[in-house]
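**Student:** Got a structure for you, written out below as structure tokens; questions coming shortly.
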Amino acid sequence: MKVVLDTNILVAGLYSKNGASHKLLKRALSGELNFAVSPLVALEYEGVLNEKIEAGFLSISREDCGKILSALLARASIVWRPLQIRPTLSDASDDKILECAVSSDCTHIITFNKRHFPAAMTRPWGIEVMSAGEFLLYWRNEP
């Protein structure tokens, strides 16, 4: 099983240490969670996290954020040349998440914006879309 973490999962995981997103982030950093990232997804992670730091939403330094991102990317399966299937989704910024998932044979996209990834667009690729909490419950019960 391999997943793609939408950027909002990283933001939530760094915002609060109490939620499912933080648990998934810790498992990704430990190597327990198999996940994929493309260069475009990595750039989005960095850009959005830095915006949230600058806006005061995240109380983490840019230096610490950079260290976390470096550690995260060191554990990721990198998709250097994702299949380009855009424009596909209603939010164009989500196309790179879907492309990464498709290109790396992911089983899941983990996001808080499930409506941005309709089943009609993900199921033909064998990809389920879940929130962080839903995925943790599913993962615990996986045989």
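Ordering of the structure tokens sets the chain letters (A, B, ...); residue numbers start at 1 within each chain; ligands are numbered from 1 in the order shown.
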Env of A:Leu98: 8 Å cut, atoms = only C-alpha atoms, seq-sep filter 3 positions within chain, self excluded. Answer as a PyMOL selection string.

**Tutor:** chain A and resi 94-95+101-102+109+122

**Student:** Determine the nearest neighbour of A:Leu69 from the options A:Ala55, A:Leu14, A:Met130, A:Leu137, counting only C-alpha atoms.

**Tutor:**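 The shortest atom-to-atom distance to A:Leu69 comes from A:Leu14.
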
**Student:** If you count only C-alpha atoms, which residues fall within 8 Å of A:Asn34, apart from same-chain ones fewer than 2 positions away, as a VMD selection string?

**Tutor:** chain A and resid 1 to 3 28 31 to 32 36 76 to 77

**Student:** Can you work out the spacing between atom CA of A:Ile110 and atom CA of A:Ser131 in Å, to one decimal?

**Tutor:** 5.4 Å

**Student:** Rank A:Leu29, A:Ser104, A:Glu51, A:Val37 by their smallest atom-to-atom distance to A:Lys67, using only C-alpha atoms, and report the top residue only.

**Tutor:**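 Smallest separation from A:Lys67 among the options: A:Leu29.
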
**Student:** If you run DSSP on the backbone here, which positions in stretch 4-129 of chain A get strand (DSSP E or B)? Please write them as a PDB file with C-alpha atoms, in the first residue's frame.

**Tutor:**
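Okay, selection-v2.pdb is ready:
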ATOM      1  CA  VAL A   4       0.006  10.451  -1.548  1.00  0.00           C
ATOM      2  CA  LEU A   5      -0.441  13.012   1.199  1.00  0.00           C
ATOM      3  CA  PHE A  35       4.130   7.359   0.348  1.00  0.00           C
ATOM      4  CA  ALA A  36       4.970   8.989  -2.967  1.00  0.00           C
ATOM      5  CA  VAL A  37       5.973  12.521  -3.902  1.00  0.00           C
ATOM      6  CA  SER A  77       9.130   7.202  -3.234  1.00  0.00           C
ATOM      7  CA  ILE A  78      10.013   9.918  -5.730  1.00  0.00           C
ATOM      8  CA  HIS A 108      -4.925   6.110  -1.599  1.00  0.00           C
ATOM      9  CA  ILE A 109      -4.892   9.883  -1.649  1.00  0.00           C
ATOM     10  CA  ILE A 110      -5.111  11.313   1.857  1.00  0.00           C
ATOM     11  CA  GLU A 128      -9.444   5.600  -2.865  1.00  0.00           C
ATOM     12  CA  VAL A 129      -9.645   9.066  -1.353  1.00  0.00           C
TER      13      VAL A 129
END

**Student:** Could you check how far atom CA of A:Ala20 sits from atom CA of A:Trp139, in Å to one decimal?

**Tutor:** 11.9 Å

**Student:** Could you tell me which of A:Val79, A:Ala132, A:Leu40, A:Ala74 comes closest to A:Asp105 if we count only C-alpha atoms?

**Tutor:** A:Val79

**Student:** Considering only C-alpha atoms, return as a VMD selection string whatever protein or nucleic-acid residues lie within 8 Å of A:Val48, sequence-local ones (same chain, fewer than 4 positions apart) excluded.

**Tutor:** chain A and resid 7 44 52

**Student:** Would you put the residues from that selection into a file with C-alpha atoms, as a short mmCIF file (atom, residue, chain, number, x, y, z; two decimals), in the first residue's frame?

**Tutor:**
data_model
loop_
_atom_site.label_atom_id
_atom_site.label_comp_id
_atom_site.auth_asym_id
_atom_site.auth_seq_id
_atom_site.Cartn_x
_atom_site.Cartn_y
_atom_site.Cartn_z
CA THR A 7 -0.56 19.38 1.25
CA GLU A 44 3.81 22.71 -3.37
CA LYS A 52 1.55 29.31 6.44
#

**Student:** Separation of atom CA of A:Met121 and atom CA of A:Phe135, in Å?

**Tutor:** 19.1 Å
